[in-house]
There are 4 protein chains.
Amino acid sequence: MRTSDEYLEDLRRMRQNIYMGGRPVQRDDSRIMPGVNVMKITFDMAQDPANSGLFTETSQYTGKKINRFCNVCDSVDDLLKKQKMIRTGTRLSGFCIQRCMGTDTINMLSVVTRDLDDATGKTEYYPRFLEFIKSYQERDLIAAAVQTDAKGDRGKRPHEQVDPDLHVRVVSQNRDGIVVRGAKEDITMASYCDELIVFPTRTLTRNEKQWAVAFAVPSDTENVHIINRASSPRERKILKAPLNTYGSSDALVVFDDTFVPWDRVFMCGEHEFGGRMALTFASSHRHSYCGCKPAVEDIIMGLIALTAEYYGVEGKHHIREKLAHLAGIAELIYAAGIAAAVESTRSASGTQVPASIYANVGRRLAGENTYNCWGMVADVAGGFPVTMPFEEDYFDPVTGPFISKYTVRNPDVSVEKMHRLQRTLSDYLSSSWAGVWQVGDVHGGGSPVMESIAILSTYDFEERKKVVKRLAGIQD
Amino acid sequence: MRTSDEYLEDLRRMRQNIYMGGRPVQRDDSRIMPGVNVMKITFDMAQDPANSGLFTETSQYTGKKINRFCNVCDSVDDLLKKQKMIRTGTRLSGFCIQRCMGTDTINMLSVVTRDLDDATGKTEYYPRFLEFIKSYQERDLIAAAVQTDAKGDRGKRPHEQVDPDLHVRVVSQNRDGIVVRGAKEDITMASYCDELIVFPTRTLTRNEKQWAVAFAVPSDTENVHIINRASSPRERKILKAPLNTYGSSDALVVFDDTFVPWDRVFMCGEHEFGGRMALTFASSHRHSYCGCKPAVEDIIMGLIALTAEYYGVEGKHHIREKLAHLAGIAELIYAAGIAAAVESTRSASGTQVPASIYANVGRRLAGENTYNCWGMVADVAGGFPVTMPFEEDYFDPVTGPFISKYTVRNPDVSVEKMHRLQRTLSDYLSSSWAGVWQVGDVHGGGSPVMESIAILSTYDFEERKKVVKRLAGIQD
Amino acid sequence: MRTSDEYLEDLRRMRQNIYMGGRPVQRDDSRIMPGVNVMKITFDMAQDPANSGLFTETSQYTGKKINRFCNVCDSVDDLLKKQKMIRTGTRLSGFCIQRCMGTDTINMLSVVTRDLDDATGKTEYYPRFLEFIKSYQERDLIAAAVQTDAKGDRGKRPHEQVDPDLHVRVVSQNRDGIVVRGAKEDITMASYCDELIVFPTRTLTRNEKQWAVAFAVPSDTENVHIINRASSPRERKILKAPLNTYGSSDALVVFDDTFVPWDRVFMCGEHEFGGRMALTFASSHRHSYCGCKPAVEDIIMGLIALTAEYYGVEGKHHIREKLAHLAGIAELIYAAGIAAAVESTRSASGTQVPASIYANVGRRLAGENTYNCWGMVADVAGGFPVTMPFEEDYFDPVTGPFISKYTVRNPDVSVEKMHRLQRTLSDYLSSSWAGVWQVGDVHGGGSPVMESIAILSTYDFEERKKVVKRLAGIQD
Amino acid sequence: MRTSDEYLEDLRRMRQNIYMGGRPVQRDDSRIMPGVNVMKITFDMAQDPANSGLFTETSQYTGKKINRFCNVCDSVDDLLKKQKMIRTGTRLSGFCIQRCMGTDTINMLSVVTRDLDDATGKTEYYPRFLEFIKSYQERDLIAAAVQTDAKGDRGKRPHEQVDPDLHVRVVSQNRDGIVVRGAKEDITMASYCDELIVFPTRTLTRNEKQWAVAFAVPSDTENVHIINRASSPRERKILKAPLNTYGSSDALVVFDDTFVPWDRVFMCGEHEFGGRMALTFASSHRHSYCGCKPAVEDIIMGLIALTAEYYGVEGKHHIREKLAHLAGIAELIYAAGIAAAVESTRSASGTQVPASIYANVGRRLAGENTYNCWGMVADVAGGFPVTMPFEEDYFDPVTGPFISKYTVRNPDVSVEKMHRLQRTLSDYLSSSWAGVWQVGDVHGGGSPVMESIAILSTYDFEERKKVVKRLAGIQD
């Protein structure tokens, strides 16, 4: 397994193809480092013997100890542990541990490449995937899930768009590989991952074979351009804190006639499997959300409980009701993840696929409650965290003493502790970074409306009509 | 295992101590029979080989095949199967399969009598329970959970009430047994069960030893009076249907200096275990609710989907949204039950106790959504099911033809089918029986506010404060 | 103005054309009388000098004092008083004062018959209406709003149905009048009103002239058949109470080639005005809902506050929160009615039309919250009101003393008062009557989805886009 | 009336007592100017003849034309127009027009100073107020409402705090005036208003006379220190837009033994009127919220409708449902304001006081829905507005063409328009400024829990118990 320092060295060695604010930048740019710091948590936790078995696993391919983020789940227990690891990691990073993007992508590839080979009887995507995954685990890599196409007009299919490049597609192919063109949006981690794993965003028809493409390329590959947007909590000058070292980046990733060799192509033209890839990834990733969203609720509960303590309103019933409600949201989502694991099914390749219905109802509950839950934090925090003086004013000889005098609430809580809590509240309630993640909690992994569609397409309502017909004495 | 006919015969042999509408009645009174008919489902399903392994189990005490409703769960799988059986049974009976009351009571006794003996080192409640349960399983009995005391002033403890009998208590004891006095409210199945198993409704203090009592008596025991209230869907004269044969009874059960022999006493004076019994039953019973409430949602979804089909509005988005939402409610509750099983713990007696937090968040979600979900049925049903002419008018030579002519919606759906569906909607939306069960879904097993209290008392909010302190850099 | 006794005498003189349970019945049938009793409130209140100016008004046509239920509103103040009268009346009758149906119908006719005449330049519907209304006011009549057609397939228009009679239509006409055929559903008060005023349920196209018909007939007119369904709270044998004397009836009203003379025809073939009638009535009636639904919330708040007092939990925060929330629902609905009056517009006939947007947002809020609000009552009431023994058991020498002993909560509240409150809770939570009215509160006057459609069709979203375009610097 | 230029000149002439980021700054500091720009709207609108009668009024004191923000309401119509003006102004400024703070403060002073004089029979606060208001109107001033004290321990009263200065208080007084000490938090506009009008934050007891103080001072008065925090949408380098010129400031305002002459003191020691001032201001300000919050909903609806149009999903039912729901929220709040005006009462000084219950239910509805409504914008906006490249990247020769190519959705919408819309969405969803205002919409004018307290303290629940008692036949 890599150390976090080795990971950083690897990043620094990469070709410069990241753009921000109108100019090319290095991968260790100060605006990108907060995201890198989140990745480091995933390496550090795996190195720590205390987390052995939670952040690490034994590879079924090589028998070696690997980082669990590189693991392909082949048991119910694997799924339960993935979920638990993600909850643990997210509580450390403050919002999103990110690296599960790659985990869910490799799990999806393990399922669909094998099914695809079984269906065609002649392709060799699964053997390629096996080679790829062994190296991926050995080198302890990070992959971004490169799925969301630019998409153009939402009411039209890929082949109906004014510009065929609005979905990533194969523009040519030869004996050595394929050439792809297009762009993918909202790609988290693109600027600090090792690999970009690309796959379709939707179902495809027989007219759309050129868009049925999946592949992996190193993120600094020739003719890949990463237009990055970074966000992180406000930087602190004096009052340093772990939260303020973390952050994330999302990017528009442009494939400008990028060449991909065949051994890294996992689908090329088999349109029937476009939708399968999209849906299999969705189930897997929504199951991961059943791990991270409870962690976000944990942080929300911690913020509310600590604020109530520092403000001296701990026993107030509206605080207790909020906490009881939030515990319910957190554990219902987590329970959905457990149920998705318990009711999971085994694919032909031996990979365990979480039950779609539970992954979907859990993730949807999270998405529907995001804004409401942050509203509860706002309610308890009061106005001061968003109107509090700037950091420097707290330490200024003229204004500092006034602030110290007048921000006392519970006299047993030091001015610094109160300051730290309120500034953290400020980061969570009124920073650009928080806004990014609030929206991310609605849309990441599929917005609530997407989960409803998934539920409607798989749930057996006919069977429930029969239950009612029997009770009502209706005979068909 | 008993057959349903044997059960009915047993009922008919019992002493007459049921009162309704100002007079004593037999246990096969026509108003009580709908409840008896629900019990019959539980016997019939166990006899049916198709349900082998779901409605039956092998006793860990005797090695014999028993009805699962008589089973004491000693594995995760037992808990998962109990939950599934309850969902299956509830879908058959139309609202509540009821018999799990006894199941959860015997599971509670298995846990607490053993812990109690271990704590005192001298009592013999657990051996008594073992004798009791063997006979209970062998005879395939039904027990009511006799818990909710009259309680008097809600702001006062048992020993502070103006009348000490407002909670059931021991008024005397001798070498042979104890004499108890008091009354229990809202006792479902009291008028058609075999056994009344009595235990405390709340925590008790050292001043309250006389109220720390648990015991079992046959329901027709001397000095037990059962003042019964029955409810069921409207009786049909012509348009017979299974739903209209089912129903339930609840009773005020009075213990008017009832004698209980020692071998049927499971607690007597050990006040510390009063609350344990109440809470252990609660967790077990709320886990059962994670089975039955999804079934009620199944029925609700079936009603909506079938109504939409018969009305010709199946594809309308508001129908689809309701269904997607309801599937979420159903499966989140069910997932909570699965998680309660997966995270269950083993008690000293080897009985598996569902995880309290998941049982509580699941049952609370059900209770909070009851009225809203029925509101959705009302929304889809439209006004006609509650203003439709009486049954006889449909078959009257003057009015019948008009009704047939004007109630056609989808011409492919026969008048009778539409009539059956709408009358069933009428039963679910505007009958006394439906009102009883709507209230029951709020309060049965503990109302949402009780689940919030249970959650607040066990959830680790301090640990979540620590998560936030680390992120904020707050050091204690 | 009529007295309530005169009204009853008038009913008794009517031709027998009501059917219930397979046989013809009189209008003073004991099952219909609860509805009649609600009507009597409206006469008695008008006779009472204490309500002068609230339940009475001076006619703009005759200058005489009339019952306000017979008034055509020609000022903002009239609309405000109508709303207030309805709130007052509904609090007396326990759920719905009903008679506003007629009020809103005559207001609609005053608006649309005049506009229709103005548009055609040759019809004389408005003069006919003026004659009709003078007599209506003079005789202090009650009219049912006979609007909702059988409708058949919800996905098809009137002229596309398999049976043209599924919407009421003109089958022939001659010099004396018209002959109509069809049926109307869910017609409240049909069995105890004086007049049936019939008008379309929807917009109509030029293919649908035969369905563009509005008229008034006495309710016992030849070839009118009223198939009635009555509901009321449970009858009491000993514990008499006002609530248990009230109730309502809804009917399927069949027009079996009914003749209507021209002077009672208010539209015949002018299809463009079908939708106008439907919408104008809807606005007026939804404004009335902004009066009655706050009254239902008043009753709900009273039930909760009194239950909390009798149970001794008055100060509990969950009680206070419910009350604070319900006061908000009540007054937001009422405020919407006030705003609908303040922003009302004057029609060509001088009749004041409530502002559609406010009438709709108010009524929709009521409809969306019906079930939830009753769920709050259930939450506070606890299980006993739906499992309490039957009335006779309270007065039986064997069971009565037990019930008296064990139903004590607050010792200062007599057994009878507790009994009365809980039985009233039982009526509101678990009687057929309550179920009818819960559904009625969702659908009466148009279900929430109908209000959303009305809002979407009139609200100016384009103007709001412009607000955003200016802020964003977008220039078209 | 002042022009906006004159206002800016006045600001520039003021003494430098503003602090930001550890140093003193001028009132036209670039971070403060966005707030100043909002104030300019209020002057410019009043100058514009098109708004005559909406943004202007005739003073009842001087008969002169004044800015309506300086008006003391003495009619229902005044209240209706204030509400409408605020809705209009807020739609222009993008979130909050702010200046109503002063409006509501002068209205409160007009009511309470007169009542106070009437009660004591010897004070002269009202004549002082009359002098003050004439000058205020004449000079067209802006006042901040300086109410929220530092407050210290939320569980203790002012006289119980460890530091008496935690609520602003009188430390000494003499023939010329009083000396005050303390600090006020969250004071919007403090750094760009003319006057600070100070009054209590809560009810006071007889032990708390020193905290019963109200007064007005120019904002640059000696010994007043304003520690400011400013926020505004992201500054744009190329893509200029009105929204990005607006913003706001909030401050900690420190009174460090500030001298106030008697003619500017409006309460000094009359503790019974401390709560009256707080509550009277609250009603007035919550009525203002019934004007501004509908405007925020207007903007939200505009954002959603325009996004749906540009994305090509205008007709989708989830869009339409959101719009229908939001129109309901907007107009229910607005209706509550209308009802508060219609049901307002006249104080002894002739000032019209909005009905508390309606002001409270309206403002609470707004506060409860803030986060949810923004969640709807997030849902429709999708992820791109928070991951979109920085502004410069759109105009960079390398990355710009890629962005232009791949951000096309509806080909008829230009890249610039889409860019402008998405960047505005980004400002509203993921900027520090938006977070500040989201929290402000929860707490400004009192958080929802404060409105519930106000409702519970004034609503007549006893009367509603009587309604139920009559129905149930309960006689006391």
# chains A, B, ... in the order shown; residues from 1 in each chain; ligands from 1

$ closest_atom_pairs --of "chain D" --to "chain A" --cutoff "7 Å" --atoms "only C-alpha atoms" --output "Markdown table"
| residue | atom | partner | partner_atom | distance |
| --- | --- | --- | --- | --- |
| D:Met20 | CA | A:Asp393 | CA | 6.8 |
| D:Gly21 | CA | A:Glu392 | CA | 5.0 |
| D:Gly22 | CA | A:Asp393 | CA | 4.4 |
| D:Ala150 | CA | A:Tyr406 | CA | 5.7 |
| D:Gly152 | CA | A:Arg409 | CA | 4.0 |
| D:Asp153 | CA | A:Arg409 | CA | 4.4 |
| D:Arg154 | CA | A:Gly312 | CA | 6.3 |
| D:Gly155 | CA | A:Gly312 | CA | 6.6 |
| D:Leu166 | CA | A:Tyr406 | CA | 6.3 |
| D:Ala183 | CA | A:Tyr406 | CA | 6.7 |
| D:Asp186 | CA | A:Thr387 | CA | 5.7 |
| D:Ile227 | CA | A:Pro389 | CA | 6.4 |
| D:Asn228 | CA | A:Pro389 | CA | 6.1 |
| D:Arg229 | CA | A:Pro389 | CA | 5.4 |
| D:Asp250 | CA | A:Thr387 | CA | 5.6 |
| D:Ala251 | CA | A:Thr387 | CA | 6.6 |
| D:Tyr311 | CA | A:Arg154 | CA | 6.8 |
| D:Gly312 | CA | A:Arg154 | CA | 6.4 |
| D:Tyr371 | CA | A:Tyr371 | CA | 5.3 |
| D:Asn372 | CA | A:Tyr371 | CA | 5.8 |
| D:Gly375 | CA | A:Tyr371 | CA | 5.5 |
| D:Ala378 | CA | A:Val439 | CA | 5.7 |
| D:Asp379 | CA | A:Val442 | CA | 6.6 |
| D:Gly382 | CA | A:His443 | CA | 6.7 |
| D:Gly383 | CA | A:His443 | CA | 6.3 |
| D:Phe384 | CA | A:Asp186 | CA | 6.3 |
| D:Val386 | CA | A:Val436 | CA | 5.4 |
| D:Thr387 | CA | A:Asp250 | CA | 5.6 |
| D:Met388 | CA | A:Arg229 | CA | 6.7 |
| D:Pro389 | CA | A:Arg229 | CA | 5.4 |
| D:Phe390 | CA | A:Gly21 | CA | 5.3 |
| D:Glu391 | CA | A:Gly21 | CA | 6.9 |
| D:Glu392 | CA | A:Gly22 | CA | 5.0 |
| D:Asp393 | CA | A:Gly22 | CA | 4.4 |
| D:Asp396 | CA | A:Gly22 | CA | 5.4 |
| D:Tyr406 | CA | A:Ala150 | CA | 5.7 |
| D:Thr407 | CA | A:Ala150 | CA | 6.6 |
| D:Val408 | CA | A:Gly152 | CA | 5.5 |
| D:Arg409 | CA | A:Gly152 | CA | 4.0 |
| D:Asn410 | CA | A:Asp153 | CA | 5.4 |
| D:Leu429 | CA | A:Gly435 | CA | 5.6 |
| D:Ser430 | CA | A:Gly435 | CA | 3.8 |
| D:Ser431 | CA | A:Ser432 | CA | 4.2 |
| D:Ser432 | CA | A:Ser431 | CA | 4.2 |
| D:Trp433 | CA | A:Ser430 | CA | 6.9 |
| D:Ala434 | CA | A:Ser430 | CA | 6.9 |
| D:Gly435 | CA | A:Ser430 | CA | 3.8 |
| D:Val436 | CA | A:Val386 | CA | 5.4 |
| D:Val439 | CA | A:Ala378 | CA | 5.7 |
| D:Gly440 | CA | A:Gly383 | CA | 6.6 |
| D:Val442 | CA | A:Asp379 | CA | 6.6 |
| D:His443 | CA | A:Gly383 | CA | 6.3 |

$ select_by_dssp --residues "range 225-443 of chain D" --states "alpha helix (DSSP H)" --output "NGL selection string"
:D and (272-311 or 317-342 or 356-381 or 384-387 or 391-394 or 399-406 or 415-430 or 432-443)

$ select_by_dssp --residues "range 126-356 of chain D" --states "strand (DSSP E or B)" --output "MDAnalysis selection string"
chainID D and resid 143:146 149 169:173 177:188 195:198 213:218 224:231 248:261 265:268 345:346 352:353

$ atom_distance --atom1 "CA of Ile97 in chain D" --atom2 "CA of Leu279 in chain D"
22.1 Å

$ residues_around --residues "Gln210 in chain D" --least-positions-apart "6" --cutoff "7 Å" --atoms "only C-alpha atoms" --output "VMD selection string"
chain D and resid 169 to 170 269

$ residues_around --residues "range 47-58 of chain C" --least-positions-apart "3" --cutoff "10 Å" --atoms "only C-alpha atoms" --output "PyMOL selection string"
chain C and resi 1-4+41-44+61-73+78+81-86+88-89

$ residues_around --residues "Ala145 in chain C" --least-positions-apart "5" --cutoff "7 Å" --atoms "only C-alpha atoms" --output "JSON, numbers by chain"
{"C": [101, 102, 105, 196, 197, 198]}

$ write_last_selection --atoms "C-alpha atoms" --output "mmCIF file, in the first residue's frame"
data_model
loop_
_atom_site.group_PDB
_atom_site.id
_atom_site.type_symbol
_atom_site.label_atom_id
_atom_site.label_comp_id
_atom_site.auth_asym_id
_atom_site.auth_seq_id
_atom_site.Cartn_x
_atom_site.Cartn_y
_atom_site.Cartn_z
ATOM 1 C CA MET C 101 -72.828 25.340 -1.319
ATOM 2 C CA GLY C 102 -75.929 27.206 -2.361
ATOM 3 C CA THR C 105 -73.729 28.749 -6.550
ATOM 4 C CA LEU C 196 -80.922 21.578 -6.992
ATOM 5 C CA ILE C 197 -78.829 24.032 -8.980
ATOM 6 C CA VAL C 198 -77.046 22.203 -11.762
#

$ atom_distance --atom1 "CA of Met189 in chain D" --atom2 "CA of Glu235 in chain D"
20.1 Å

$ residues_around --residues "Glu124 in chain D" --least-positions-apart "2" --cutoff "12 Å" --atoms "only C-alpha atoms" --output "PyMOL selection string"
chain D and resi 112-122+126-131+262-268

$ write_last_selection --atoms "N, CA and C atoms" --output "PDB file, in the first residue's frame"
ATOM      1  N   VAL D 112     -44.979  53.085  21.547  1.00  0.00           N
ATOM      2  CA  VAL D 112     -44.646  52.810  22.949  1.00  0.00           C
ATOM      3  C   VAL D 112     -44.305  54.073  23.728  1.00  0.00           C
ATOM      4  N   THR D 113     -43.647  55.052  23.103  1.00  0.00           N
ATOM      5  CA  THR D 113     -43.323  56.264  23.877  1.00  0.00           C
ATOM      6  C   THR D 113     -44.612  56.940  24.332  1.00  0.00           C
ATOM      7  N   ARG D 114     -45.623  56.938  23.469  1.00  0.00           N
ATOM      8  CA  ARG D 114     -46.891  57.562  23.849  1.00  0.00           C
ATOM      9  C   ARG D 114     -47.580  56.766  24.963  1.00  0.00           C
ATOM     10  N   ASP D 115     -47.639  55.454  24.824  1.00  0.00           N
ATOM     11  CA  ASP D 115     -48.254  54.619  25.865  1.00  0.00           C
ATOM     12  C   ASP D 115     -47.503  54.776  27.181  1.00  0.00           C
ATOM     13  N   LEU D 116     -46.192  54.885  27.076  1.00  0.00           N
ATOM     14  CA  LEU D 116     -45.366  55.034  28.269  1.00  0.00           C
ATOM     15  C   LEU D 116     -45.712  56.357  28.974  1.00  0.00           C
ATOM     16  N   ASP D 117     -45.764  57.420  28.204  1.00  0.00           N
ATOM     17  CA  ASP D 117     -46.131  58.718  28.787  1.00  0.00           C
ATOM     18  C   ASP D 117     -47.517  58.654  29.419  1.00  0.00           C
ATOM     19  N   ASP D 118     -48.456  58.019  28.705  1.00  0.00           N
ATOM     20  CA  ASP D 118     -49.823  57.899  29.240  1.00  0.00           C
ATOM     21  C   ASP D 118     -49.823  57.144  30.561  1.00  0.00           C
ATOM     22  N   ALA D 119     -48.971  56.146  30.651  1.00  0.00           N
ATOM     23  CA  ALA D 119     -48.945  55.314  31.858  1.00  0.00           C
ATOM     24  C   ALA D 119     -48.308  56.037  33.028  1.00  0.00           C
ATOM     25  N   THR D 120     -47.223  56.729  32.758  1.00  0.00           N
ATOM     26  CA  THR D 120     -46.537  57.401  33.873  1.00  0.00           C
ATOM     27  C   THR D 120     -47.178  58.750  34.190  1.00  0.00           C
ATOM     28  N   GLY D 121     -47.711  59.402  33.187  1.00  0.00           N
ATOM     29  CA  GLY D 121     -48.318  60.709  33.411  1.00  0.00           C
ATOM     30  C   GLY D 121     -47.316  61.820  33.612  1.00  0.00           C
ATOM     31  N   LYS D 122     -46.045  61.504  33.537  1.00  0.00           N
ATOM     32  CA  LYS D 122     -45.073  62.563  33.786  1.00  0.00           C
ATOM     33  C   LYS D 122     -43.888  62.577  32.828  1.00  0.00           C
ATOM     34  N   TYR D 126     -42.802  60.872  24.299  1.00  0.00           N
ATOM     35  CA  TYR D 126     -43.495  61.014  23.016  1.00  0.00           C
ATOM     36  C   TYR D 126     -43.232  62.375  22.370  1.00  0.00           C
ATOM     37  N   PRO D 127     -43.307  63.483  23.112  1.00  0.00           N
ATOM     38  CA  PRO D 127     -42.921  64.761  22.490  1.00  0.00           C
ATOM     39  C   PRO D 127     -41.495  64.736  21.931  1.00  0.00           C
ATOM     40  N   ARG D 128     -40.572  64.116  22.683  1.00  0.00           N
ATOM     41  CA  ARG D 128     -39.203  63.985  22.151  1.00  0.00           C
ATOM     42  C   ARG D 128     -39.198  63.201  20.838  1.00  0.00           C
ATOM     43  N   PHE D 129     -39.984  62.117  20.843  1.00  0.00           N
ATOM     44  CA  PHE D 129     -40.046  61.312  19.616  1.00  0.00           C
ATOM     45  C   PHE D 129     -40.577  62.138  18.452  1.00  0.00           C
ATOM     46  N   LEU D 130     -41.601  62.960  18.733  1.00  0.00           N
ATOM     47  CA  LEU D 130     -42.176  63.781  17.659  1.00  0.00           C
ATOM     48  C   LEU D 130     -41.126  64.718  17.068  1.00  0.00           C
ATOM     49  N   GLU D 131     -40.301  65.312  17.950  1.00  0.00           N
ATOM     50  CA  GLU D 131     -39.224  66.162  17.430  1.00  0.00           C
ATOM     51  C   GLU D 131     -38.246  65.343  16.590  1.00  0.00           C
ATOM     52  N   TRP D 262     -30.412  63.918  26.662  1.00  0.00           N
ATOM     53  CA  TRP D 262     -31.788  63.552  27.025  1.00  0.00           C
ATOM     54  C   TRP D 262     -32.777  63.615  25.859  1.00  0.00           C
ATOM     55  N   ASP D 263     -32.579  64.550  24.946  1.00  0.00           N
ATOM     56  CA  ASP D 263     -33.585  64.663  23.876  1.00  0.00           C
ATOM     57  C   ASP D 263     -33.553  63.496  22.902  1.00  0.00           C
ATOM     58  N   ARG D 264     -32.598  62.614  23.084  1.00  0.00           N
ATOM     59  CA  ARG D 264     -32.535  61.414  22.247  1.00  0.00           C
ATOM     60  C   ARG D 264     -32.750  60.129  23.062  1.00  0.00           C
ATOM     61  N   VAL D 265     -33.206  60.322  24.303  1.00  0.00           N
ATOM     62  CA  VAL D 265     -33.504  59.165  25.152  1.00  0.00           C
ATOM     63  C   VAL D 265     -35.012  58.919  25.113  1.00  0.00           C
ATOM     64  N   PHE D 266     -35.451  57.682  24.820  1.00  0.00           N
ATOM     65  CA  PHE D 266     -36.874  57.379  24.667  1.00  0.00           C
ATOM     66  C   PHE D 266     -37.398  56.416  25.726  1.00  0.00           C
ATOM     67  N   MET D 267     -36.538  55.962  26.579  1.00  0.00           N
ATOM     68  CA  MET D 267     -36.942  55.177  27.745  1.00  0.00           C
ATOM     69  C   MET D 267     -35.718  55.142  28.642  1.00  0.00           C
ATOM     70  N   CYS D 268     -35.951  55.230  29.950  1.00  0.00           N
ATOM     71  CA  CYS D 268     -34.819  55.173  30.864  1.00  0.00           C
ATOM     72  C   CYS D 268     -35.322  54.735  32.235  1.00  0.00           C
TER      73      CYS D 268
END

$ closest_residue --among "B:Glu462, B:Gln422, B:Ile18, B:Glu270" --to "Val224 in chain B" --atoms "only C-alpha atoms"
B:Ile18

$ residues_around --residues "Gly337 in chain B" --least-positions-apart "3" --cutoff "9 Å" --atoms "only C-alpha atoms" --output "PyMOL selection string"
(chain A and resi 335+339) or (chain B and resi 79-80+83+286-291+332-334+340-342+354-355+358-359+362-363)

$ write_last_selection --atoms "C-alpha atoms" --output "CSV table (one decimal), in the first residue's frame"
chain,number,residue,atom,x,y,z
A,335,ALA,CA,-30.1,0.8,7.9
A,339,ALA,CA,-30.4,-4.0,4.1
B,79,LEU,CA,-35.4,-12.3,13.8
B,80,LEU,CA,-35.3,-11.8,10.0
B,83,GLN,CA,-40.2,-9.9,10.5
B,286,ARG,CA,-41.1,-2.3,17.6
B,287,HIS,CA,-39.0,-4.8,15.6
B,288,SER,CA,-42.2,-6.6,14.8
B,289,TYR,CA,-43.7,-3.3,13.6
B,290,CYS,CA,-40.9,-3.1,11.1
B,291,GLY,CA,-42.6,-6.2,9.6
B,332,LEU,CA,-37.0,2.2,5.0
B,333,ILE,CA,-39.1,0.7,7.8
B,334,TYR,CA,-38.3,-2.8,6.6
B,340,ALA,CA,-32.1,-4.3,14.0
B,341,ALA,CA,-31.7,-8.0,13.3
B,342,VAL,CA,-28.2,-7.7,11.9
B,354,PRO,CA,-33.0,-6.6,18.2
B,355,ALA,CA,-30.9,-3.5,18.2
B,358,TYR,CA,-33.0,0.5,14.6
B,359,ALA,CA,-36.3,-0.9,16.0
B,362,GLY,CA,-38.2,2.1,12.0
B,363,ARG,CA,-41.3,2.1,14.1

$ atom_distance --atom1 "CA of Val180 in chain C" --atom2 "CA of Gly35 in chain C"
27.6 Å

$ decode --residues "range 145-159 of chain B" --atoms "C-alpha atoms" --output "compact mmCIF listing (two decimals), in the first residue's frame"
# COMPACT_ATOMS: atom_id res chain seq x y z
CA ALA B 145 -49.40 -8.70 25.84
CA VAL B 146 -51.06 -7.20 28.89
CA GLN B 147 -48.96 -4.16 29.54
CA THR B 148 -50.67 -0.76 29.45
CA ASP B 149 -51.92 0.16 32.92
CA ALA B 150 -54.85 2.48 33.57
CA LYS B 151 -52.11 4.83 34.81
CA GLY B 152 -54.31 7.58 36.28
CA ASP B 153 -52.61 10.97 36.42
CA ARG B 154 -49.91 10.97 33.71
CA GLY B 155 -47.78 13.35 35.73
CA LYS B 156 -47.48 11.06 38.75
CA ARG B 157 -45.71 7.81 39.54
CA PRO B 158 -47.60 4.65 40.58
CA HIS B 159 -47.08 5.21 44.31
